[in-house]
Amino acid sequence: MRKQTLQQDILMRSIKILDIGYIGCIYVVFAFLLAYLTDKVLGKFDEEAAKKKSNARLTLEMLIGIWAYGVLAYVVRNVAELIPFPLHGFHGFDHFRVKELKSASIFLFCYLIISNYLRSYVAFYYKHVLQRNK
C-alpha cells in the first residue's frame with residue numbers, strides 16, 4: 001500500500017468536506033420539499049380532535065407515523081445516492097464511501113424541524129400523553 005503525501009491527504013480531506021456539505025444540502029432540500037408536501041396533504045394538526053382520542057390510539061398513530069418517516073428516510077437515502085457528486089473519481093475520491101451518504105439523519109432532523117404537522121403532533125403527544133402520566 002502506497003503512503004499518501006501530506007498534500008494528497010489535504011486534497012482528499014478537502015474533497016471529502018465538500019462532499020459532506022453537498023450531501024447535507026441534498027438532504028435539506030429533500031426535507032424542505034417533503035415537509036411542504038406532507039404538510040399540504042395532512043393539513044393543519046387539529047389539537048381539539050386529538051384531545052378526543054385515547055392515549056392508546058394516539059400512541060398507535062405516533063408509531064405508524066414513525067414507521068412512515070422511517071420508510072420515507074430510506075427512500076430519500078436511496079434517491080440521494082443516485083445524485084452524482086461532481087468530484088467523484090477525482091484523484092481516486094470515492095463519493096460512495098462517505099458515511100454521511102448512507103445516513104439520512106440530517107434529513108430526519110431537518111424534516112422534524114420543518115414539518116409543521118409533525119412538530120405539532122410530537123409536541124401534543126409529549127404534552128398530553130407523556131406528561132399527563134407523570
# chains A, B, ... in the order shown; residues from 1 in each chain; ligands from 1
call {"tool": "select_by_dssp", "arguments": {"residues": "chain A", "states": "helix (DSSP H, G or I)", "output": "PyMOL selection string"}}
result
chain A and resi 6-42+47-51+55-82+90-92+95-97+99-102+105-114+116-130
call {"tool": "closest_atom_pairs", "arguments": {"of": "range 81-127 of chain A", "to": "range 45-51 of chain A", "cutoff": "7 Å", "atoms": "only C-alpha atoms", "output": "Markdown table"}}
result
| residue | atom | partner | partner_atom | distance |
| --- | --- | --- | --- | --- |
| A:Tyr117 | CA | A:Phe45 | CA | 5.4 |
| A:Ser120 | CA | A:Phe45 | CA | 6.4 |
| A:Tyr121 | CA | A:Phe45 | CA | 6.7 |
call {"tool": "write_last_selection", "arguments": {"atoms": "C-alpha atoms", "output": "compact mmCIF listing (two decimals), in the first residue's frame"}}
result
# COMPACT_ATOMS: atom_id res chain seq x y z
CA TYR A 117 -47.75 18.90 11.21
CA SER A 120 -47.24 19.95 16.30
CA TYR A 121 -48.15 16.28 16.67
call {"tool": "residues_around", "arguments": {"residues": "Asn116 in chain A", "least_positions_apart": "3", "cutoff": "9 Å", "atoms": "only C-alpha atoms", "output": "tab-separated table (two decimals) with N, CA and C atoms, in the first residue's frame"}}
result
chain	number	residue	atom	x	y	z
A	35	ALA	N	-41.44	17.94	3.52
A	35	ALA	CA	-42.19	18.53	4.64
A	35	ALA	C	-43.31	19.41	4.08
A	36	TYR	N	-43.00	20.17	3.05
A	36	TYR	CA	-44.03	21.01	2.42
A	36	TYR	C	-45.16	20.14	1.86
A	39	ASP	N	-47.15	18.45	4.72
A	39	ASP	CA	-48.00	19.44	5.39
A	39	ASP	C	-49.21	19.80	4.54
A	44	LYS	N	-53.44	21.13	8.63
A	44	LYS	CA	-53.02	21.63	9.95
A	44	LYS	C	-53.39	20.60	11.01
A	45	PHE	N	-52.51	20.40	11.97
A	45	PHE	CA	-52.77	19.47	13.06
A	45	PHE	C	-53.94	19.99	13.88
A	112	LEU	N	-38.08	16.98	10.77
A	112	LEU	CA	-38.79	17.18	12.03
A	112	LEU	C	-38.91	18.66	12.37
A	113	ILE	N	-37.88	19.42	12.11
A	113	ILE	CA	-37.91	20.85	12.40
A	113	ILE	C	-38.83	21.60	11.43
A	119	ARG	N	-44.18	18.41	13.80
A	119	ARG	CA	-43.73	19.12	15.00
A	119	ARG	C	-44.90	19.35	15.97
A	120	SER	N	-46.05	19.73	15.45
A	120	SER	CA	-47.24	19.95	16.30
A	120	SER	C	-47.71	18.65	16.93
A	121	TYR	N	-47.69	17.56	16.15
A	121	TYR	CA	-48.15	16.28	16.67
A	121	TYR	C	-47.23	15.78	17.78
call {"tool": "residues_around", "arguments": {"residues": "Ala31 in chain A", "least_positions_apart": "4", "cutoff": "10 Å", "atoms": "only C-alpha atoms", "output": "NGL selection string"}}
result
:A and (25-27 or 35-37 or 73 or 76 or 106-115)
call {"tool": "closest_atom_pairs", "arguments": {"of": "range 10-53 of chain A", "to": "range 85-102 of chain A", "cutoff": "8 Å", "atoms": "only C-alpha atoms", "output": "tab-separated table"}}
result
residue	atom	partner	partner_atom	distance
A:Met12	CA	A:Phe93	CA	6.8
A:Ile15	CA	A:Leu87	CA	7.4
A:Lys16	CA	A:Val98	CA	7.3
A:Asp19	CA	A:Phe85	CA	7.1
A:Ile20	CA	A:Glu100	CA	6.5
A:Tyr22	CA	A:Phe85	CA	7.8
A:Ile23	CA	A:Leu101	CA	6.3
call {"tool": "atom_distance", "arguments": {"atom1": "CA of Ala104 in chain A", "atom2": "CA of Phe124 in chain A"}}
result
25.1 Å
call {"tool": "decode", "arguments": {"residues": "chain A", "atoms": "C-alpha atoms", "output": "PDB file, in the first residue's frame"}}
result
ATOM      1  CA  MET A   1       0.000   0.000   0.000  1.00  0.00           C
ATOM      2  CA  ARG A   2       1.341   3.388  -1.036  1.00  0.00           C
ATOM      3  CA  LYS A   3       1.582   6.035   1.666  1.00  0.00           C
ATOM      4  CA  GLN A   4      -0.183   9.326   0.923  1.00  0.00           C
ATOM      5  CA  THR A   5       1.786  12.531   0.976  1.00  0.00           C
ATOM      6  CA  LEU A   6       0.593  15.402   3.150  1.00  0.00           C
ATOM      7  CA  GLN A   7      -0.532  17.256   0.028  1.00  0.00           C
ATOM      8  CA  GLN A   8      -2.600  14.262  -1.163  1.00  0.00           C
ATOM      9  CA  ASP A   9      -4.101  13.830   2.312  1.00  0.00           C
ATOM     10  CA  ILE A  10      -5.130  17.500   2.454  1.00  0.00           C
ATOM     11  CA  LEU A  11      -6.622  17.238  -1.047  1.00  0.00           C
ATOM     12  CA  MET A  12      -8.672  14.119  -0.174  1.00  0.00           C
ATOM     13  CA  ARG A  13      -9.889  15.610   3.108  1.00  0.00           C
ATOM     14  CA  SER A  14     -10.852  18.851   1.341  1.00  0.00           C
ATOM     15  CA  ILE A  15     -12.857  16.953  -1.270  1.00  0.00           C
ATOM     16  CA  LYS A  16     -14.496  14.916   1.488  1.00  0.00           C
ATOM     17  CA  ILE A  17     -15.501  18.087   3.358  1.00  0.00           C
ATOM     18  CA  LEU A  18     -17.013  19.470   0.140  1.00  0.00           C
ATOM     19  CA  ASP A  19     -18.861  16.180  -0.369  1.00  0.00           C
ATOM     20  CA  ILE A  20     -20.243  16.173   3.182  1.00  0.00           C
ATOM     21  CA  GLY A  21     -21.612  19.684   2.612  1.00  0.00           C
ATOM     22  CA  TYR A  22     -23.026  18.607  -0.749  1.00  0.00           C
ATOM     23  CA  ILE A  23     -24.758  15.606   0.838  1.00  0.00           C
ATOM     24  CA  GLY A  24     -26.117  17.801   3.626  1.00  0.00           C
ATOM     25  CA  CYS A  25     -27.585  20.206   1.074  1.00  0.00           C
ATOM     26  CA  ILE A  26     -29.238  17.344  -0.797  1.00  0.00           C
ATOM     27  CA  TYR A  27     -30.863  16.055   2.393  1.00  0.00           C
ATOM     28  CA  VAL A  28     -32.022  19.538   3.450  1.00  0.00           C
ATOM     29  CA  VAL A  29     -33.595  20.176   0.037  1.00  0.00           C
ATOM     30  CA  PHE A  30     -35.451  16.854   0.275  1.00  0.00           C
ATOM     31  CA  ALA A  31     -36.547  17.731   3.824  1.00  0.00           C
ATOM     32  CA  PHE A  32     -37.999  21.078   2.707  1.00  0.00           C
ATOM     33  CA  LEU A  33     -39.780  19.589  -0.306  1.00  0.00           C
ATOM     34  CA  LEU A  34     -41.230  16.576   1.503  1.00  0.00           C
ATOM     35  CA  ALA A  35     -42.188  18.528   4.636  1.00  0.00           C
ATOM     36  CA  TYR A  36     -44.027  21.008   2.420  1.00  0.00           C
ATOM     37  CA  LEU A  37     -45.795  18.196   0.570  1.00  0.00           C
ATOM     38  CA  THR A  38     -46.784  16.262   3.688  1.00  0.00           C
ATOM     39  CA  ASP A  39     -47.999  19.439   5.394  1.00  0.00           C
ATOM     40  CA  LYS A  40     -50.160  20.141   2.322  1.00  0.00           C
ATOM     41  CA  VAL A  41     -51.529  16.581   2.308  1.00  0.00           C
ATOM     42  CA  LEU A  42     -52.103  16.268   6.077  1.00  0.00           C
ATOM     43  CA  GLY A  43     -53.215  19.858   6.617  1.00  0.00           C
ATOM     44  CA  LYS A  44     -53.023  21.632   9.948  1.00  0.00           C
ATOM     45  CA  PHE A  45     -52.771  19.470  13.064  1.00  0.00           C
ATOM     46  CA  ASP A  46     -56.159  19.538  14.850  1.00  0.00           C
ATOM     47  CA  GLU A  47     -55.403  19.584  18.559  1.00  0.00           C
ATOM     48  CA  GLU A  48     -59.080  19.542  19.575  1.00  0.00           C
ATOM     49  CA  ALA A  49     -59.736  16.375  17.568  1.00  0.00           C
ATOM     50  CA  ALA A  50     -56.590  14.795  19.030  1.00  0.00           C
ATOM     51  CA  LYS A  51     -57.761  15.556  22.599  1.00  0.00           C
ATOM     52  CA  LYS A  52     -60.799  13.337  21.986  1.00  0.00           C
ATOM     53  CA  LYS A  53     -58.642  10.317  21.122  1.00  0.00           C
ATOM     54  CA  SER A  54     -57.449   7.766  23.663  1.00  0.00           C
ATOM     55  CA  ASN A  55     -53.790   7.535  24.651  1.00  0.00           C
ATOM     56  CA  ALA A  56     -53.631   4.106  23.019  1.00  0.00           C
ATOM     57  CA  ARG A  57     -54.869   5.489  19.705  1.00  0.00           C
ATOM     58  CA  LEU A  58     -52.508   8.464  19.886  1.00  0.00           C
ATOM     59  CA  THR A  59     -49.616   6.108  20.600  1.00  0.00           C
ATOM     60  CA  LEU A  60     -50.599   3.848  17.711  1.00  0.00           C
ATOM     61  CA  GLU A  61     -50.822   6.846  15.373  1.00  0.00           C
ATOM     62  CA  MET A  62     -47.424   8.040  16.605  1.00  0.00           C
ATOM     63  CA  LEU A  63     -45.882   4.606  15.929  1.00  0.00           C
ATOM     64  CA  ILE A  64     -47.425   4.460  12.454  1.00  0.00           C
ATOM     65  CA  GLY A  65     -46.066   7.951  11.796  1.00  0.00           C
ATOM     66  CA  ILE A  66     -42.583   6.935  12.944  1.00  0.00           C
ATOM     67  CA  TRP A  67     -42.756   3.888  10.680  1.00  0.00           C
ATOM     68  CA  ALA A  68     -43.801   6.100   7.732  1.00  0.00           C
ATOM     69  CA  TYR A  69     -40.999   8.597   8.386  1.00  0.00           C
ATOM     70  CA  GLY A  70     -38.510   5.731   8.588  1.00  0.00           C
ATOM     71  CA  VAL A  71     -39.650   4.456   5.197  1.00  0.00           C
ATOM     72  CA  LEU A  72     -39.505   7.997   3.827  1.00  0.00           C
ATOM     73  CA  ALA A  73     -35.929   8.364   5.117  1.00  0.00           C
ATOM     74  CA  TYR A  74     -34.999   5.065   3.465  1.00  0.00           C
ATOM     75  CA  VAL A  75     -36.403   6.222   0.121  1.00  0.00           C
ATOM     76  CA  VAL A  76     -34.692   9.622   0.379  1.00  0.00           C
ATOM     77  CA  ARG A  77     -31.370   7.994   1.261  1.00  0.00           C
ATOM     78  CA  ASN A  78     -31.595   5.725  -1.782  1.00  0.00           C
ATOM     79  CA  VAL A  79     -32.532   8.609  -4.085  1.00  0.00           C
ATOM     80  CA  ALA A  80     -29.722  10.782  -2.656  1.00  0.00           C
ATOM     81  CA  GLU A  81     -27.223   8.054  -3.575  1.00  0.00           C
ATOM     82  CA  LEU A  82     -28.308   8.384  -7.215  1.00  0.00           C
ATOM     83  CA  ILE A  83     -27.380  12.083  -7.345  1.00  0.00           C
ATOM     84  CA  PRO A  84     -23.815  12.284  -8.648  1.00  0.00           C
ATOM     85  CA  PHE A  85     -21.075  14.217  -6.867  1.00  0.00           C
ATOM     86  CA  PRO A  86     -19.087  16.299  -9.387  1.00  0.00           C
ATOM     87  CA  LEU A  87     -15.726  15.329  -7.872  1.00  0.00           C
ATOM     88  CA  HIS A  88     -16.380  11.580  -7.699  1.00  0.00           C
ATOM     89  CA  GLY A  89     -13.302   9.848  -9.098  1.00  0.00           C
ATOM     90  CA  PHE A  90     -11.114  12.977  -8.917  1.00  0.00           C
ATOM     91  CA  HIS A  91      -7.693  11.752  -7.737  1.00  0.00           C
ATOM     92  CA  GLY A  92      -9.378   8.486  -6.752  1.00  0.00           C
ATOM     93  CA  PHE A  93     -12.005  10.059  -4.457  1.00  0.00           C
ATOM     94  CA  ASP A  94     -14.999   7.739  -3.940  1.00  0.00           C
ATOM     95  CA  HIS A  95     -18.217   9.596  -3.148  1.00  0.00           C
ATOM     96  CA  PHE A  96     -19.939   6.342  -2.153  1.00  0.00           C
ATOM     97  CA  ARG A  97     -17.501   5.724   0.722  1.00  0.00           C
ATOM     98  CA  VAL A  98     -18.552   8.914   2.561  1.00  0.00           C
ATOM     99  CA  LYS A  99     -20.544   7.716   5.578  1.00  0.00           C
ATOM    100  CA  GLU A 100     -22.912  10.698   5.573  1.00  0.00           C
ATOM    101  CA  LEU A 101     -24.348   9.475   2.272  1.00  0.00           C
ATOM    102  CA  LYS A 102     -25.563   6.262   3.936  1.00  0.00           C
ATOM    103  CA  SER A 103     -27.195   8.074   6.862  1.00  0.00           C
ATOM    104  CA  ALA A 104     -30.376  10.084   6.478  1.00  0.00           C
ATOM    105  CA  SER A 105     -30.064  11.606   9.953  1.00  0.00           C
ATOM    106  CA  ILE A 106     -29.654  15.109   8.508  1.00  0.00           C
ATOM    107  CA  PHE A 107     -32.848  14.595   6.517  1.00  0.00           C
ATOM    108  CA  LEU A 108     -34.803  13.318   9.534  1.00  0.00           C
ATOM    109  CA  PHE A 109     -33.597  16.108  11.809  1.00  0.00           C
ATOM    110  CA  CYS A 110     -34.442  18.825   9.274  1.00  0.00           C
ATOM    111  CA  TYR A 111     -37.748  17.210   8.376  1.00  0.00           C
ATOM    112  CA  LEU A 112     -38.791  17.179  12.034  1.00  0.00           C
ATOM    113  CA  ILE A 113     -37.907  20.854  12.400  1.00  0.00           C
ATOM    114  CA  ILE A 114     -39.516  21.961   9.129  1.00  0.00           C
ATOM    115  CA  SER A 115     -42.749  19.924   9.097  1.00  0.00           C
ATOM    116  CA  ASN A 116     -45.440  21.893  10.926  1.00  0.00           C
ATOM    117  CA  TYR A 117     -47.750  18.899  11.208  1.00  0.00           C
ATOM    118  CA  LEU A 118     -45.136  16.534  12.586  1.00  0.00           C
ATOM    119  CA  ARG A 119     -43.733  19.125  15.005  1.00  0.00           C
ATOM    120  CA  SER A 120     -47.240  19.945  16.301  1.00  0.00           C
ATOM    121  CA  TYR A 121     -48.148  16.276  16.672  1.00  0.00           C
ATOM    122  CA  VAL A 122     -44.954  15.420  18.563  1.00  0.00           C
ATOM    123  CA  ALA A 123     -45.400  18.433  20.888  1.00  0.00           C
ATOM    124  CA  PHE A 124     -49.032  17.489  21.534  1.00  0.00           C
ATOM    125  CA  TYR A 125     -48.145  13.858  22.182  1.00  0.00           C
ATOM    126  CA  TYR A 126     -45.396  14.801  24.601  1.00  0.00           C
ATOM    127  CA  LYS A 127     -47.574  17.281  26.486  1.00  0.00           C
ATOM    128  CA  HIS A 128     -50.860  15.354  26.602  1.00  0.00           C
ATOM    129  CA  VAL A 129     -49.738  11.738  26.722  1.00  0.00           C
ATOM    130  CA  LEU A 130     -46.268  11.543  28.193  1.00  0.00           C
ATOM    131  CA  GLN A 131     -46.512  14.455  30.620  1.00  0.00           C
ATOM    132  CA  ARG A 132     -50.052  13.559  31.721  1.00  0.00           C
ATOM    133  CA  ASN A 133     -48.861  10.216  33.100  1.00  0.00           C
ATOM    134  CA  LYS A 134     -46.293  11.755  35.465  1.00  0.00           C
TER     135      LYS A 134
END
